[in-house]
>>> print(open('query.csv').read())   # CSV, C-alpha atoms
chain,number,residue,atom,x,y,z
A,1,MET,CA,33.2,-17.7,0.9
A,2,LYS,CA,30.5,-16.3,-1.2
A,3,LYS,CA,31.4,-15.0,-4.6
A,4,ILE,CA,30.4,-11.4,-5.4
A,5,ILE,CA,30.3,-10.3,-8.9
A,6,HIS,CA,30.2,-6.6,-9.6
A,7,LEU,CA,29.5,-5.3,-13.1
A,8,LEU,CA,29.6,-1.5,-13.0
A,9,PHE,CA,29.5,0.4,-16.2
A,10,SER,CA,27.9,3.5,-17.5
A,11,PHE,CA,27.3,5.2,-20.8
A,12,THR,CA,25.4,8.3,-21.8
A,13,LEU,CA,22.9,8.9,-24.5
A,14,LEU,CA,22.8,12.6,-25.4
A,15,TRP,CA,20.2,14.2,-27.6
A,16,PRO,CA,18.3,17.4,-27.8
A,17,SER,CA,14.6,17.5,-27.4
A,18,LEU,CA,12.0,20.2,-27.6
A,19,GLY,CA,10.4,21.3,-24.3
A,20,PHE,CA,7.8,23.8,-23.3
A,21,SER,CA,7.4,26.0,-20.3
A,22,THR,CA,5.4,29.1,-19.4
A,23,ASP,CA,7.8,31.1,-21.5
A,24,PRO,CA,6.4,32.1,-24.9
A,25,GLU,CA,9.5,30.7,-26.7
A,26,PRO,CA,10.2,26.9,-26.8
A,27,PHE,CA,13.6,25.8,-25.3
A,28,MET,CA,15.8,22.9,-26.2
A,29,LEU,CA,16.4,20.2,-23.6
A,30,ILE,CA,19.3,17.8,-23.4
A,31,GLU,CA,19.0,14.3,-21.9
A,32,LYS,CA,21.7,12.1,-20.6
A,33,ARG,CA,21.4,8.6,-19.0
A,34,ARG,CA,23.8,6.7,-16.9
A,35,HIS,CA,23.5,2.9,-16.6
A,36,VAL,CA,24.6,0.9,-13.5
A,37,VAL,CA,24.5,-2.9,-13.3
A,38,LYS,CA,25.3,-4.9,-10.2
A,39,VAL,CA,25.2,-8.7,-9.9
A,40,TYR,CA,25.5,-10.9,-6.8
A,41,GLU,CA,25.6,-14.6,-6.4
A,42,VAL,CA,23.2,-15.6,-3.6
A,43,THR,CA,21.8,-18.4,-1.6
A,44,GLU,CA,18.3,-18.5,-0.2
A,45,ARG,CA,19.4,-17.1,3.1
A,46,ASP,CA,20.5,-13.8,1.5
A,47,GLN,CA,18.3,-10.6,1.8
A,48,LEU,CA,18.2,-7.6,-0.6
A,49,MET,CA,17.5,-4.1,0.7
A,50,VAL,CA,16.9,-1.2,-1.8
A,51,ASP,CA,16.6,2.4,-0.8
A,52,ASN,CA,15.6,4.6,-3.7
A,53,GLN,CA,14.1,8.0,-4.4
A,54,TYR,CA,12.7,9.9,-7.4
A,55,GLY,CA,12.1,6.8,-9.6
A,56,GLU,CA,10.5,3.4,-10.1
A,57,VAL,CA,11.5,0.2,-8.5
A,58,LYS,CA,10.4,-2.9,-10.5
A,59,VAL,CA,11.0,-6.5,-9.3
A,60,ASN,CA,11.1,-9.6,-11.5
A,61,LEU,CA,11.6,-13.2,-10.4
A,62,TRP,CA,13.9,-15.6,-12.3
A,63,GLY,CA,15.5,-19.1,-11.8
A,64,LYS,CA,19.2,-18.1,-11.4
A,65,ASN,CA,21.1,-18.2,-8.1
A,66,GLU,CA,22.0,-14.5,-8.4
A,67,ILE,CA,20.5,-11.1,-7.9
A,68,LYS,CA,20.9,-8.6,-10.7
A,69,VAL,CA,20.1,-4.9,-10.3
A,70,GLU,CA,19.9,-2.6,-13.2
A,71,VAL,CA,19.8,1.2,-12.5
A,72,ILE,CA,19.0,3.8,-15.1
A,73,ILE,CA,19.7,7.4,-14.1
A,74,THR,CA,18.1,10.0,-16.3
A,75,ALA,CA,18.8,13.7,-16.3
A,76,ILE,CA,17.3,16.5,-18.4
A,77,ALA,CA,18.3,20.2,-18.5
A,78,PRO,CA,18.6,23.1,-20.9
A,79,SER,CA,22.4,22.8,-21.1
A,80,GLU,CA,24.9,20.0,-21.2
A,81,SER,CA,26.8,21.3,-18.2
A,82,GLN,CA,23.6,21.2,-16.1
A,83,VAL,CA,22.8,17.7,-17.2
A,84,SER,CA,26.4,16.6,-16.2
A,85,GLU,CA,26.0,18.3,-12.9
A,86,TYR,CA,22.7,16.4,-12.2
A,87,LEU,CA,24.2,13.0,-13.1
A,88,SER,CA,27.4,13.5,-11.1
A,89,SER,CA,25.3,14.4,-8.0
A,90,ILE,CA,23.7,10.9,-7.9
A,91,ARG,CA,25.4,7.9,-6.4
A,92,ILE,CA,24.3,4.3,-6.1
A,93,GLY,CA,26.0,3.0,-2.9
A,94,GLU,CA,26.3,-0.6,-2.1
A,95,SER,CA,27.3,-2.9,0.7
A,96,ARG,CA,27.3,-6.6,1.6
A,97,LEU,CA,27.4,-7.6,5.2
A,98,LYS,CA,26.9,-11.3,5.9
A,99,ASN,CA,23.5,-12.2,4.4
A,100,LEU,CA,22.4,-8.6,3.7
A,101,ILE,CA,22.9,-6.9,0.3
A,102,SER,CA,22.1,-3.2,0.4
A,103,LEU,CA,21.8,-0.7,-2.4
A,104,ARG,CA,21.0,3.0,-1.8
A,105,THR,CA,20.4,6.0,-3.9
A,106,THR,CA,22.0,9.2,-2.6
A,107,ILE,CA,21.8,12.7,-4.1
A,108,ASP,CA,24.3,15.4,-3.3
A,109,LYS,CA,22.1,18.4,-3.2
A,110,SER,CA,25.0,20.8,-2.5
A,111,SER,CA,26.2,20.2,-6.1
A,112,PHE,CA,23.2,22.0,-7.5
A,113,ALA,CA,24.9,25.3,-6.8
A,114,ARG,CA,24.1,26.9,-10.1
A,115,SER,CA,20.6,25.6,-10.9
A,116,GLY,CA,19.4,25.1,-7.3
A,117,TRP,CA,17.8,22.0,-5.9
A,118,SER,CA,14.4,23.8,-5.5
A,119,ASN,CA,14.2,24.0,-9.3
A,120,MET,CA,14.4,20.2,-9.8
A,121,LYS,CA,11.3,18.4,-11.1
A,122,TRP,CA,10.5,14.7,-11.3
A,123,ARG,CA,8.1,14.7,-14.2
A,124,ALA,CA,9.3,14.1,-17.7
A,125,GLY,CA,9.2,17.1,-20.0
A,126,GLU,CA,10.2,19.6,-17.3
A,127,LYS,CA,13.2,21.9,-17.7
A,128,ASN,CA,15.2,20.4,-14.8
A,129,PHE,CA,14.5,16.7,-14.4
A,130,ILE,CA,16.1,13.7,-12.7
A,131,GLN,CA,14.9,10.1,-12.4
A,132,ILE,CA,16.5,7.0,-10.9
A,133,ASP,CA,14.8,3.7,-12.0
A,134,TYR,CA,15.7,0.3,-10.6
A,135,THR,CA,14.9,-3.1,-12.3
A,136,ILE,CA,15.6,-6.1,-10.1
A,137,PHE,CA,15.9,-9.7,-11.1
A,138,MET,CA,16.1,-12.2,-8.2
A,139,PRO,CA,15.3,-15.7,-7.1
A,140,LYS,CA,11.9,-16.4,-5.5
A,141,GLU,CA,13.4,-17.5,-2.2
A,142,ASN,CA,15.1,-14.3,-1.2
A,143,GLU,CA,13.6,-11.8,1.2
A,144,LEU,CA,13.3,-8.2,-0.1
A,145,VAL,CA,13.1,-4.8,1.5
A,146,VAL,CA,12.2,-1.8,-0.6
A,147,LYS,CA,12.1,1.9,0.5
A,148,ASN,CA,11.0,4.2,-2.3
A,149,GLN,CA,10.2,7.9,-2.1
A,150,PHE,CA,8.7,10.0,-4.9
A,151,GLY,CA,8.3,7.0,-7.2
A,152,ASN,CA,6.3,3.9,-7.9
A,153,THR,CA,7.1,0.3,-6.8
A,154,ASN,CA,5.9,-2.5,-9.0
A,155,ILE,CA,6.1,-6.2,-8.2
A,156,PRO,CA,4.1,-8.5,-10.5
A,157,SER,CA,4.7,-11.6,-8.3
A,158,PHE,CA,6.6,-12.4,-5.1
A,159,GLU,CA,6.9,-15.4,-2.9
A,160,ALA,CA,9.4,-14.6,-0.1
A,161,PRO,CA,8.9,-12.2,2.8
A,162,LEU,CA,8.5,-8.7,1.6
A,163,THR,CA,8.8,-5.3,3.2
A,164,ILE,CA,7.7,-2.1,1.4
A,165,ASN,CA,8.0,1.5,2.6
A,166,SER,CA,6.5,3.8,0.0
A,167,ARG,CA,6.1,7.5,0.3
A,168,HIS,CA,4.7,9.8,-2.4
A,169,GLY,CA,4.3,6.9,-4.9
A,170,ASN,CA,2.1,3.9,-5.7
A,171,PHE,CA,2.7,0.3,-4.9
A,172,ASN,CA,1.3,-2.4,-7.2
A,173,ALA,CA,1.5,-6.2,-6.9
A,174,ASN,CA,-0.4,-9.0,-8.7
A,175,VAL,CA,0.4,-11.9,-6.3
A,176,LEU,CA,2.1,-11.9,-2.9
A,177,GLY,CA,2.4,-15.5,-2.0
A,178,ASN,CA,4.0,-15.2,1.5
A,179,ALA,CA,2.1,-14.3,4.6
A,180,GLN,CA,5.0,-12.2,5.9
A,181,ASN,CA,4.4,-9.0,4.1
A,182,VAL,CA,4.8,-5.6,5.7
A,183,ILE,CA,3.6,-2.7,3.6
A,184,ASN,CA,3.7,0.9,4.6
A,185,SER,CA,2.3,3.6,2.3
A,186,GLN,CA,2.1,7.4,2.7
A,187,PHE,CA,0.6,9.7,0.1
A,188,GLY,CA,0.0,7.1,-2.6
A,189,GLN,CA,-2.1,4.1,-3.8
A,190,VAL,CA,-1.7,0.5,-2.9
A,191,THR,CA,-3.2,-2.1,-5.3
A,192,ILE,CA,-2.8,-5.8,-4.7
A,193,GLY,CA,-4.4,-8.7,-6.6
A,194,LYS,CA,-4.0,-11.8,-4.4
A,195,MET,CA,-2.2,-11.8,-1.1
A,196,GLU,CA,-1.5,-14.6,1.4
A,197,GLY,CA,-1.4,-12.2,4.3
A,198,GLY,CA,0.4,-9.4,6.0
A,199,ASN,CA,0.5,-6.2,8.0
A,200,LEU,CA,-0.4,-3.0,6.2
A,201,GLU,CA,-0.1,0.7,7.3
A,202,CYS,CA,-1.7,3.3,5.0
A,203,GLU,CA,-1.8,7.0,5.7
A,204,ASN,CA,-3.2,9.5,3.2
A,205,SER,CA,-3.3,6.5,0.8
A,206,ASP,CA,-5.9,4.4,-0.9
A,207,LEU,CA,-5.8,0.6,-0.6
A,208,LYS,CA,-7.4,-1.9,-2.9
A,209,VAL,CA,-7.0,-5.7,-2.3
A,210,ASP,CA,-8.9,-8.2,-4.5
A,211,LYS,CA,-8.3,-11.2,-2.3
A,212,VAL,CA,-6.4,-11.8,1.0
A,213,ARG,CA,-6.3,-14.7,3.5
A,214,THR,CA,-5.2,-12.9,6.7
A,215,LEU,CA,-4.8,-9.1,7.0
A,216,MET,CA,-3.9,-6.7,9.8
A,217,LEU,CA,-4.5,-3.2,8.6
A,218,ASN,CA,-4.3,0.4,9.9
A,219,ILE,CA,-5.6,3.0,7.4
A,220,LYS,CA,-6.0,6.7,7.9
A,221,SER,CA,-7.3,9.3,5.5
A,222,GLY,CA,-7.8,7.2,2.5
A,223,GLU,CA,-10.2,4.8,0.7
A,224,LEU,CA,-10.3,1.1,1.4
A,225,SER,CA,-11.7,-1.7,-0.8
A,226,ILE,CA,-11.2,-5.4,-0.1
A,227,GLY,CA,-12.9,-7.9,-2.3
A,228,ASP,CA,-12.5,-11.2,-0.4
A,229,VAL,CA,-10.8,-11.7,3.0
A,230,ASN,CA,-10.7,-14.7,5.4
A,231,ASP,CA,-9.6,-13.0,8.7
A,232,LEU,CA,-9.5,-9.3,9.1
A,233,THR,CA,-8.2,-7.1,11.9
A,234,THR,CA,-8.3,-3.4,11.1
A,235,ASN,CA,-8.4,0.2,12.4
A,236,ILE,CA,-10.1,2.5,9.9
A,237,ASN,CA,-9.8,6.2,10.6
A,238,TYR,CA,-11.2,9.1,8.5
A,239,SER,CA,-11.6,6.8,5.5
A,240,LYS,CA,-14.3,5.3,3.3
A,241,ALA,CA,-14.3,1.5,3.4
A,242,ILE,CA,-16.1,-1.3,1.6
A,243,ILE,CA,-15.5,-5.0,2.4
A,244,GLY,CA,-16.8,-7.5,-0.1
A,245,LYS,CA,-16.9,-11.0,1.4
A,246,LEU,CA,-15.7,-11.9,4.9
A,247,ARG,CA,-15.1,-15.6,5.2
A,248,GLY,CA,-13.7,-15.8,8.8
A,249,THR,CA,-13.4,-13.6,11.8
A,250,GLY,CA,-13.4,-9.8,11.8
A,251,LYS,CA,-12.2,-7.3,14.4
A,252,ILE,CA,-12.9,-3.8,13.2
A,253,ARG,CA,-12.5,-0.4,14.8
A,254,LEU,CA,-14.0,2.6,13.0
A,255,ASN,CA,-13.3,6.3,13.7
A,256,TYR,CA,-14.9,9.0,11.6
A,257,THR,CA,-15.6,6.4,8.8
A,258,ASN,CA,-18.6,7.4,6.7
A,259,ASN,CA,-20.7,4.6,5.2
A,260,PHE,CA,-18.6,1.5,6.2
A,261,ARG,CA,-20.2,-1.4,4.4
A,262,MET,CA,-19.8,-5.2,4.3
A,263,GLU,CA,-21.5,-7.1,1.5
A,264,GLU,CA,-21.3,-10.8,2.5
A,265,LEU,CA,-20.7,-12.4,5.9
A,266,PRO,CA,-19.6,-16.0,6.6
A,267,SER,CA,-22.3,-18.7,6.7
A,268,SER,CA,-20.6,-20.4,9.7
A,269,GLU,CA,-20.5,-19.2,13.3
A,270,GLU,CA,-17.6,-16.8,13.0
A,271,ASN,CA,-17.3,-13.7,15.1
A,272,LEU,CA,-17.5,-10.2,13.7
A,273,ASN,CA,-16.8,-7.5,16.2
A,274,ILE,CA,-17.1,-3.8,15.3
A,275,HIS,CA,-16.4,-0.8,17.5
A,276,ALA,CA,-17.5,2.4,15.8
A,277,GLU,CA,-17.1,6.0,16.8
A,278,PHE,CA,-18.6,8.8,14.7
A,279,SER,CA,-19.1,6.2,11.9
A,280,SER,CA,-22.0,4.6,10.1
A,281,VAL,CA,-22.2,0.8,9.6
A,282,THR,CA,-24.1,-1.2,7.1
A,283,LEU,CA,-24.1,-5.0,7.2
A,284,PRO,CA,-26.0,-7.6,5.2
A,285,ALA,CA,-29.1,-9.1,6.9
A,286,GLU,CA,-28.3,-12.7,6.4
A,287,SER,CA,-28.9,-15.7,8.7
A,288,ASN,CA,-26.9,-14.3,11.6
A,289,SER,CA,-27.2,-13.6,15.3
A,290,PHE,CA,-26.5,-10.1,16.5
A,291,ASN,CA,-25.8,-8.0,19.6
A,292,VAL,CA,-25.9,-4.3,18.7
A,293,THR,CA,-25.5,-1.4,21.1
A,294,VAL,CA,-25.9,2.1,19.8
A,295,THR,CA,-25.6,5.5,21.5
A,296,ASN,CA,-26.4,8.8,19.8
A,297,GLY,CA,-27.5,6.9,16.7
A,298,ASP,CA,-30.1,4.7,15.2
A,299,PHE,CA,-30.4,0.9,14.6
A,300,SER,CA,-32.4,-0.2,11.6
A,301,PHE,CA,-33.2,-3.7,10.5
A,302,PRO,CA,-35.5,-5.7,8.2
A,303,THR,CA,-38.9,-7.2,9.1
A,304,ASN,CA,-37.7,-10.8,9.5
A,305,VAL,CA,-35.7,-10.1,12.7
A,306,ASN,CA,-36.4,-12.0,15.9
A,307,PHE,CA,-35.4,-10.1,19.0
A,308,SER,CA,-34.4,-11.7,22.3
A,309,LYS,CA,-33.7,-8.3,23.8
A,310,GLN,CA,-34.6,-4.7,22.7
A,311,PRO,CA,-35.0,-1.4,24.6
A,312,SER,CA,-38.3,-0.4,26.1
A,313,GLY,CA,-40.1,2.7,25.1
A,314,GLU,CA,-38.5,5.0,27.6
A,315,GLU,CA,-35.0,3.6,26.6
A,316,ARG,CA,-35.4,4.5,22.9
A,317,SER,CA,-34.0,8.1,23.2
A,318,PRO,CA,-31.3,8.5,20.6
A,319,ASN,CA,-28.8,9.9,23.2
A,320,GLN,CA,-29.2,6.9,25.4
A,321,SER,CA,-27.3,3.6,25.1
A,322,ARG,CA,-29.7,1.0,23.6
A,323,GLN,CA,-29.0,-2.7,23.2
A,324,TYR,CA,-30.6,-5.0,20.6
A,325,GLN,CA,-30.1,-8.8,20.6
A,326,GLY,CA,-31.6,-11.4,18.3
A,327,LYS,CA,-31.2,-13.3,15.1
A,328,ILE,CA,-32.2,-13.2,11.5
A,329,GLY,CA,-33.6,-16.5,10.1
A,330,SER,CA,-32.0,-19.4,11.9
A,331,GLY,CA,-29.1,-17.3,13.2
A,332,SER,CA,-26.7,-20.1,12.2
A,333,GLY,CA,-24.3,-17.7,10.5
A,334,ALA,CA,-21.9,-15.1,11.8
A,335,LYS,CA,-22.2,-13.7,15.3
A,336,ILE,CA,-22.3,-10.0,15.0
A,337,THR,CA,-21.3,-7.7,17.8
A,338,VAL,CA,-21.4,-3.9,17.2
A,339,PHE,CA,-20.8,-1.0,19.6
A,340,SER,CA,-21.6,2.3,18.0
A,341,ASN,CA,-21.3,5.8,19.4
A,342,PHE,CA,-22.5,8.8,17.3
A,343,GLY,CA,-23.4,6.8,14.2
A,344,ASP,CA,-26.1,4.6,12.7
A,345,VAL,CA,-26.1,0.8,12.4
A,346,LYS,CA,-28.1,-0.9,9.6
A,347,LEU,CA,-28.8,-4.5,8.9
A,348,LYS,CA,-29.9,-4.5,5.3
A,349,ASN,CA,-31.4,-7.1,2.9
>>> encode(input="query.csv", output="structure tokens")
Amino acid sequence: MKKIIHLLFSFTLLWPSLGFSTDPEPFMLIEKRRHVVKVYEVTERDQLMVDNQYGEVKVNLWGKNEIKVEVIITAIAPSESQVSEYLSSIRIGESRLKNLISLRTTIDKSSFARSGWSNMKWRAGEKNFIQIDYTIFMPKENELVVKNQFGNTNIPSFEAPLTINSRHGNFNANVLGNAQNVINSQFGQVTIGKMEGGNLECENSDLKVDKVRTLMLNIKSGELSIGDVNDLTTNINYSKAIIGKLRGTGKIRLNYTNNFRMEELPSSEENLNIHAEFSSVTLPAESNSFNVTVTNGDFSFPTNVNFSKQPSGEERSPNQSRQYQGKIGSGSGAKITVFSNFGDVKLKN
């Protein structure tokens, strides 16, 4: 039988601080904190799931066969009674069922009868303020699932499968060493240094990845920047996107993506397929072969292009479908296929 260790204690720090509002007179703020610590002995088969709101989740790896979760709950209000009311409304629920350990932040909004939930703020220095911060210490072998709303999630390094669901907050990671990463972001920023691989969904969010091996991505209404990627499959909608170096295959669908650009393509015969609607595409004119079809748009290219097929004079009307086939230099590099409707395609030195 697995041993479960629970360490649950709390204490409060109480001090007045000076705050400011739109009122001409300054007001005194009172801050209290409640600390919760939970520790679990684990094996590598165990999984941790955290569901938080209105605070940060930070994850650290260590060499112990246990998971430790420290939670700091902070409340600020003009009166001690209000602060106590805020703290008592927040509960850290826990459960352990077989190999799943779950921690969840719940807030009883009905307890805000006097001050009103609509008056709450989640920015330090406000009159009415609450924040719930998690710091997690865990072995590198254990899988992690984090759901966080209205707060940032920070993971310096992680090696096991990871699932992140972030809303109204940023996600930051330096190294994600496992290919089984699932990251969903809405209304925030995602910044990743090095990533083995994964499946990302971003909506109303910006994504920056320095280096990734294999990536499947859907992004809508944001900005995308990838420095170096081996294999990429992506749908890009209503977003600005720049891809630095593509080393392997690429399958890319663009929709209302202005100025999509790739800076370096593979030197070997890898396939790059782009389907673009209402989007502009700029690709490097390296030693590649290409098959480009444009409708309601233009195709521009450098002078060192050798065509095997291009439209005749009467087929060059912008609203007609026009196909261009050929190669640049020896054509020994990537095989480029582009279908573009209502957008320009450019091969650029």
>>> atom_distance(input="query.csv", atom1="atom CA of Asp298 of chain A", atom2="atom CA of Ser279 of chain A")
11.6 Å
>>> residues_around(input="query.csv", residues="segment 199-206 of chain A", least_positions_apart="6", cutoff="8 Å", atoms="only C-alpha atoms", output="list in words")
Gln180, Asn181, Val182, Ile183, Asn184, Ser185, Gln186, Phe187, Gly188, Gln189, Val190, Leu215, Met216, Leu217, Asn218, Ile219, Lys220, Ser221, Gly222, Glu223 and Leu224 of chain A
>>> write_last_selection(input="query.csv", atoms="C-alpha atoms", output="PDB file, keeping the file's coordinate frame")
ATOM      1  CA  GLN A 180       5.000 -12.200   5.900  1.00  0.00           C
ATOM      2  CA  ASN A 181       4.400  -9.000   4.100  1.00  0.00           C
ATOM      3  CA  VAL A 182       4.800  -5.600   5.700  1.00  0.00           C
ATOM      4  CA  ILE A 183       3.600  -2.700   3.600  1.00  0.00           C
ATOM      5  CA  ASN A 184       3.700   0.900   4.600  1.00  0.00           C
ATOM      6  CA  SER A 185       2.300   3.600   2.300  1.00  0.00           C
ATOM      7  CA  GLN A 186       2.100   7.400   2.700  1.00  0.00           C
ATOM      8  CA  PHE A 187       0.600   9.700   0.100  1.00  0.00           C
ATOM      9  CA  GLY A 188       0.000   7.100  -2.600  1.00  0.00           C
ATOM     10  CA  GLN A 189      -2.100   4.100  -3.800  1.00  0.00           C
ATOM     11  CA  VAL A 190      -1.700   0.500  -2.900  1.00  0.00           C
ATOM     12  CA  LEU A 215      -4.800  -9.100   7.000  1.00  0.00           C
ATOM     13  CA  MET A 216      -3.900  -6.700   9.800  1.00  0.00           C
ATOM     14  CA  LEU A 217      -4.500  -3.200   8.600  1.00  0.00           C
ATOM     15  CA  ASN A 218      -4.300   0.400   9.900  1.00  0.00           C
ATOM     16  CA  ILE A 219      -5.600   3.000   7.400  1.00  0.00           C
ATOM     17  CA  LYS A 220      -6.000   6.700   7.900  1.00  0.00           C
ATOM     18  CA  SER A 221      -7.300   9.300   5.500  1.00  0.00           C
ATOM     19  CA  GLY A 222      -7.800   7.200   2.500  1.00  0.00           C
ATOM     20  CA  GLU A 223     -10.200   4.800   0.700  1.00  0.00           C
ATOM     21  CA  LEU A 224     -10.300   1.100   1.400  1.00  0.00           C
TER      22      LEU A 224
END
>>> closest_residue(input="query.csv", among="A:Ser340, A:Gln131, A:Thr293, A:Gln82", to="Gln53 of chain A", atoms="all atoms listed in the file")
A:Gln131
>>> atom_distance(input="query.csv", atom1="atom CA of Ile101 of chain A", atom2="atom CA of Asp46 of chain A")
7.4 Å
>>> atom_distance(input="query.csv", atom1="atom CA of His168 of chain A", atom2="atom CA of Thr257 of chain A")
23.4 Å
>>> closest_residue(input="query.csv", among="A:Ala179, A:Ile164, A:Ala75, A:Val36", to="Thr105 of chain A", atoms="all atoms listed in the file")
A:Val36
>>> closest_residue(input="query.csv", among="A:Val57, A:His275, A:Gly248, A:Ile236", to="Asn170 of chain A", atoms="all atoms listed in the file")
A:Val57
>>> residues_around(input="query.csv", residues="Leu144 of chain A", least_positions_apart="4", cutoff="10 Å", atoms="all atoms listed in the file", output="number ranges by chain")
A: 46-50, 59, 100-101, 138, 140, 158, 160-164, 181
>>> residues_around(input="query.csv", residues="segment 228-234 of chain A", least_positions_apart="5", cutoff="10 Å", atoms="all atoms listed in the file", output="PyMOL selection string")
chain A and resi 194-197+199-201+209-219+243-254+264+266+270+272-274
>>> closest_residue(input="query.csv", among="A:Val145, A:Ser289, A:Asn296, A:Ser308", to="Ser330 of chain A", atoms="all atoms listed in the file")
A:Ser289
